[in-house]
Amino acid sequence: MRVIIETDYAAMSRKAAGIIAKEIRSKPNAVLGLATGSTPLGVYHELVRMHEKENLDFSGVRTFNLDEYYRLRPDHPESYHTFMFKNLFDGINVNPANVSIPDGMAADIGLFCESYERRIKDAGGVDIQLLGIGRDGHIGFNEPGSSLGSRTRLKTLTEETIRDNARFFDNEGEVPHFAVTMGVGTILDAKKLLMLASGSNKARAVRDAIEGPVSAQVTASVLQLHPNVMVVLDEEAASMLSRSAYYIYVERMAEKFEAEAGT
Ligand code: F6R
């Protein structure tokens with residue numbers, strides 16, 4: 001696992017956007033797994049800038065989002081569907097036909113979840129999956145106790161997650177209590193994982209995920225089992241890690257080797 005510690009949110013966002021851009025440039029029809037929430041906003045902003053100013057081409061890119069609220073219409077201002085078009089898709093040249101977001105309105109959610117899994121497989125699997133982390137250590141909406149082998153399904157949100165997400169709604173009563181989310185097993189199938197965290201309110205979850213035991217109580221800890229993981233943090237989110245000095249040293253060495261190899 002590469003743990004990259006940047007000074008602040010802007011630097012974290014630029015770093016992560018650079019990693020995603022590199023993926024797209026090396027594979028123009030890359031399959032991106034995407035996340036919503038506050039954390040990736042800076043990354044999406046930077047990707048839109050790179051599209052406009054640096055010809056980053058999304059025309060062949062395919063995307064799969066992690067999750068969507070259950071029974072929130074796609075045109076609801078707080079749906080993840082609305083979020084993705086507003087913050088990324090409307091600013092880049094992705095083909096809307098290549099965009100997949102779970103359908104929280106599907107009549108048969110079980111069937112929909114099976115078809116979502118099949119569509120990811122048919123696309124050749126996710127090349128790089130972007131992840132945020134909840135204060136309870138969740139990835140996607142895989143709340144504590146989610147099976148580490150879980151697949152896309154309907155999940156009940158914890159009170160903490162509902163409270164955290166209330167900031168986007170007029171009041172807490174409006175926050176959906178359920179979401180359709182890729183499972184932990186679905187996320188683990190991606191070829192690369194890129195998890196981001198910013199701010200001191202994420203420091204404990206980040207420490208538990210990276211340096212704690214692998215446990216269904218902190219679903220992000222499953223990243224420790226994946227062979228290709230990058231975690232990009234700002235200093236506040238990294239503040240409770242016990243091995244920061246080592247992670248910083250490793251990155252410095254990696255940069256040196258990359259410079260010498262001319263990559
Ligand atoms: C969103 C998602 C969630 C968020 C997490 C952090 O698609 O899957 O796991 O990444 O709740 O949310 P923010 O970034 O708003 O702190």
# chains A, B, ... in the order shown; residues from 1 in each chain; ligands from 1
$ residues_around --residues "segment 146-152 of chain A" --least-positions-apart "5" --cutoff "8 Å" --atoms "only C-alpha atoms" --output "ChimeraX atom specification"
/A:113-114,116-117,180-186,216-217,219,222
$ write_last_selection --atoms "N, CA and C atoms" --output "PDB file, in the first residue's frame"
ATOM      1  N   CYS A 113     -29.130  -5.043  -8.774  1.00  0.00           N
ATOM      2  CA  CYS A 113     -27.774  -5.197  -8.224  1.00  0.00           C
ATOM      3  C   CYS A 113     -27.012  -6.290  -8.985  1.00  0.00           C
ATOM      4  N   GLU A 114     -27.709  -7.373  -9.302  1.00  0.00           N
ATOM      5  CA  GLU A 114     -27.058  -8.444 -10.090  1.00  0.00           C
ATOM      6  C   GLU A 114     -26.634  -7.909 -11.451  1.00  0.00           C
ATOM      7  N   TYR A 116     -25.930  -4.839 -12.235  1.00  0.00           N
ATOM      8  CA  TYR A 116     -24.831  -3.864 -12.077  1.00  0.00           C
ATOM      9  C   TYR A 116     -23.495  -4.610 -12.009  1.00  0.00           C
ATOM     10  N   GLU A 117     -23.485  -5.680 -11.229  1.00  0.00           N
ATOM     11  CA  GLU A 117     -22.263  -6.506 -11.117  1.00  0.00           C
ATOM     12  C   GLU A 117     -21.870  -7.053 -12.497  1.00  0.00           C
ATOM     13  N   VAL A 180     -28.128   1.907  -2.322  1.00  0.00           N
ATOM     14  CA  VAL A 180     -27.626   0.775  -3.118  1.00  0.00           C
ATOM     15  C   VAL A 180     -26.132   1.015  -3.249  1.00  0.00           C
ATOM     16  N   THR A 181     -25.329   0.064  -2.846  1.00  0.00           N
ATOM     17  CA  THR A 181     -23.882   0.275  -2.874  1.00  0.00           C
ATOM     18  C   THR A 181     -23.145  -0.945  -3.419  1.00  0.00           C
ATOM     19  N   MET A 182     -22.055  -0.677  -4.138  1.00  0.00           N
ATOM     20  CA  MET A 182     -21.137  -1.783  -4.454  1.00  0.00           C
ATOM     21  C   MET A 182     -20.732  -2.409  -3.123  1.00  0.00           C
ATOM     22  N   GLY A 183     -20.527  -3.699  -3.113  1.00  0.00           N
ATOM     23  CA  GLY A 183     -20.088  -4.365  -1.891  1.00  0.00           C
ATOM     24  C   GLY A 183     -18.578  -4.245  -1.697  1.00  0.00           C
ATOM     25  N   VAL A 184     -18.108  -4.688  -0.542  1.00  0.00           N
ATOM     26  CA  VAL A 184     -16.664  -4.665  -0.280  1.00  0.00           C
ATOM     27  C   VAL A 184     -15.956  -5.584  -1.289  1.00  0.00           C
ATOM     28  N   GLY A 185     -16.585  -6.732  -1.562  1.00  0.00           N
ATOM     29  CA  GLY A 185     -15.998  -7.670  -2.531  1.00  0.00           C
ATOM     30  C   GLY A 185     -15.960  -7.068  -3.926  1.00  0.00           C
ATOM     31  N   THR A 186     -17.017  -6.312  -4.284  1.00  0.00           N
ATOM     32  CA  THR A 186     -17.045  -5.651  -5.593  1.00  0.00           C
ATOM     33  C   THR A 186     -15.878  -4.667  -5.691  1.00  0.00           C
ATOM     34  N   ALA A 216     -14.350  -6.339   9.599  1.00  0.00           N
ATOM     35  CA  ALA A 216     -15.607  -5.880   9.013  1.00  0.00           C
ATOM     36  C   ALA A 216     -16.157  -4.677   9.779  1.00  0.00           C
ATOM     37  N   GLN A 217     -15.595  -4.389  10.958  1.00  0.00           N
ATOM     38  CA  GLN A 217     -16.047  -3.218  11.715  1.00  0.00           C
ATOM     39  C   GLN A 217     -15.511  -1.918  11.114  1.00  0.00           C
ATOM     40  N   THR A 219     -14.694  -1.208   7.334  1.00  0.00           N
ATOM     41  CA  THR A 219     -14.617  -1.912   6.040  1.00  0.00           C
ATOM     42  C   THR A 219     -13.447  -1.410   5.183  1.00  0.00           C
ATOM     43  N   VAL A 222     -10.070  -3.367   4.633  1.00  0.00           N
ATOM     44  CA  VAL A 222      -9.907  -4.424   3.637  1.00  0.00           C
ATOM     45  C   VAL A 222      -8.903  -4.009   2.552  1.00  0.00           C
TER      46      VAL A 222
END
$ residues_near_ligand --ligand "ligand 1" --cutoff "6 Å" --atoms "only C-alpha atoms and all ligand atoms" --output "number ranges by chain"
A: 35-39, 66-67, 131-134, 138-141
$ write_last_selection --atoms "N, CA and C atoms" --output "PDB file, in the first residue's frame"
ATOM      1  N   ALA A  35     -16.631   7.979  -6.839  1.00  0.00           N
ATOM      2  CA  ALA A  35     -17.271   8.195  -5.542  1.00  0.00           C
ATOM      3  C   ALA A  35     -17.905   9.587  -5.512  1.00  0.00           C
ATOM      4  N   THR A  36     -18.783   9.797  -4.561  1.00  0.00           N
ATOM      5  CA  THR A  36     -19.380  11.126  -4.365  1.00  0.00           C
ATOM      6  C   THR A  36     -18.948  11.656  -3.003  1.00  0.00           C
ATOM      7  N   GLY A  37     -19.634  12.674  -2.486  1.00  0.00           N
ATOM      8  CA  GLY A  37     -19.292  13.245  -1.184  1.00  0.00           C
ATOM      9  C   GLY A  37     -18.375  14.446  -1.337  1.00  0.00           C
ATOM     10  N   SER A  38     -17.965  15.001  -0.205  1.00  0.00           N
ATOM     11  CA  SER A  38     -17.137  16.223  -0.236  1.00  0.00           C
ATOM     12  C   SER A  38     -15.726  15.927  -0.706  1.00  0.00           C
ATOM     13  N   THR A  39     -15.188  14.775  -0.334  1.00  0.00           N
ATOM     14  CA  THR A  39     -13.762  14.516  -0.552  1.00  0.00           C
ATOM     15  C   THR A  39     -13.340  14.592  -2.024  1.00  0.00           C
ATOM     16  N   LEU A  66     -20.007   4.173  -7.154  1.00  0.00           N
ATOM     17  CA  LEU A  66     -20.083   3.256  -6.020  1.00  0.00           C
ATOM     18  C   LEU A  66     -21.498   3.046  -5.507  1.00  0.00           C
ATOM     19  N   ASP A  67     -22.251   4.144  -5.445  1.00  0.00           N
ATOM     20  CA  ASP A  67     -23.505   4.038  -4.692  1.00  0.00           C
ATOM     21  C   ASP A  67     -24.508   5.110  -5.095  1.00  0.00           C
ATOM     22  N   LEU A 131     -12.099   6.144  -3.915  1.00  0.00           N
ATOM     23  CA  LEU A 131     -12.862   5.922  -2.684  1.00  0.00           C
ATOM     24  C   LEU A 131     -12.669   7.088  -1.715  1.00  0.00           C
ATOM     25  N   GLY A 132     -13.739   7.441  -0.989  1.00  0.00           N
ATOM     26  CA  GLY A 132     -13.596   8.262   0.202  1.00  0.00           C
ATOM     27  C   GLY A 132     -13.692   7.319   1.386  1.00  0.00           C
ATOM     28  N   ILE A 133     -13.683   7.859   2.574  1.00  0.00           N
ATOM     29  CA  ILE A 133     -13.858   7.015   3.764  1.00  0.00           C
ATOM     30  C   ILE A 133     -14.788   7.744   4.735  1.00  0.00           C
ATOM     31  N   GLY A 134     -15.737   7.013   5.283  1.00  0.00           N
ATOM     32  CA  GLY A 134     -16.638   7.608   6.267  1.00  0.00           C
ATOM     33  C   GLY A 134     -15.948   7.680   7.624  1.00  0.00           C
ATOM     34  N   HIS A 138     -16.285   3.449   6.743  1.00  0.00           N
ATOM     35  CA  HIS A 138     -16.931   2.778   5.598  1.00  0.00           C
ATOM     36  C   HIS A 138     -16.312   3.186   4.265  1.00  0.00           C
ATOM     37  N   ILE A 139     -16.382   2.286   3.293  1.00  0.00           N
ATOM     38  CA  ILE A 139     -16.104   2.600   1.885  1.00  0.00           C
ATOM     39  C   ILE A 139     -17.365   2.243   1.116  1.00  0.00           C
ATOM     40  N   GLY A 140     -17.666   3.034   0.060  1.00  0.00           N
ATOM     41  CA  GLY A 140     -19.008   2.933  -0.494  1.00  0.00           C
ATOM     42  C   GLY A 140     -19.946   3.194   0.681  1.00  0.00           C
ATOM     43  N   PHE A 141     -21.060   2.490   0.738  1.00  0.00           N
ATOM     44  CA  PHE A 141     -21.895   2.589   1.942  1.00  0.00           C
ATOM     45  C   PHE A 141     -21.830   1.280   2.702  1.00  0.00           C
TER      46      PHE A 141
END
$ residues_around --residues "Tyr69 of chain A" --least-positions-apart "2" --cutoff "10 Å" --atoms "only C-alpha atoms" --output "VMD selection string"
chain A and resid 67 71 to 74 78 to 81 102 to 105 141 154 to 155 157 175 to 181
$ closest_atom_pairs --of "segment 22-116 of chain A" --to "segment 120-126 of chain A" --cutoff "9 Å" --atoms "only C-alpha atoms" --output "CSV"
residue,atom,partner,partner_atom,distance
A:Ala30,CA,A:Val126,CA,7.9
A:Val31,CA,A:Val126,CA,5.0
A:Leu32,CA,A:Val126,CA,5.8
A:Gly33,CA,A:Val126,CA,6.0
A:Arg62,CA,A:Ala123,CA,8.0
A:Thr63,CA,A:Val126,CA,8.2
A:Phe64,CA,A:Ile120,CA,7.4
A:Ser115,CA,A:Ile120,CA,8.7
A:Tyr116,CA,A:Ile120,CA,6.4
$ residues_around --residues "segment 200-203 of chain A" --least-positions-apart "3" --cutoff "7 Å" --atoms "only C-alpha atoms" --output "PyMOL selection string"
chain A and resi 135+197+206-207+236-240
$ select_by_dssp --residues "segment 62-101 of chain A" --states "strand (DSSP E or B)" --output "MDAnalysis selection string"
chainID A and resid 62:65 67:69 99:100
$ atom_distance --atom1 "atom CA of Met1 of chain A" --atom2 "atom CA of Met50 of chain A"
26.7 Å
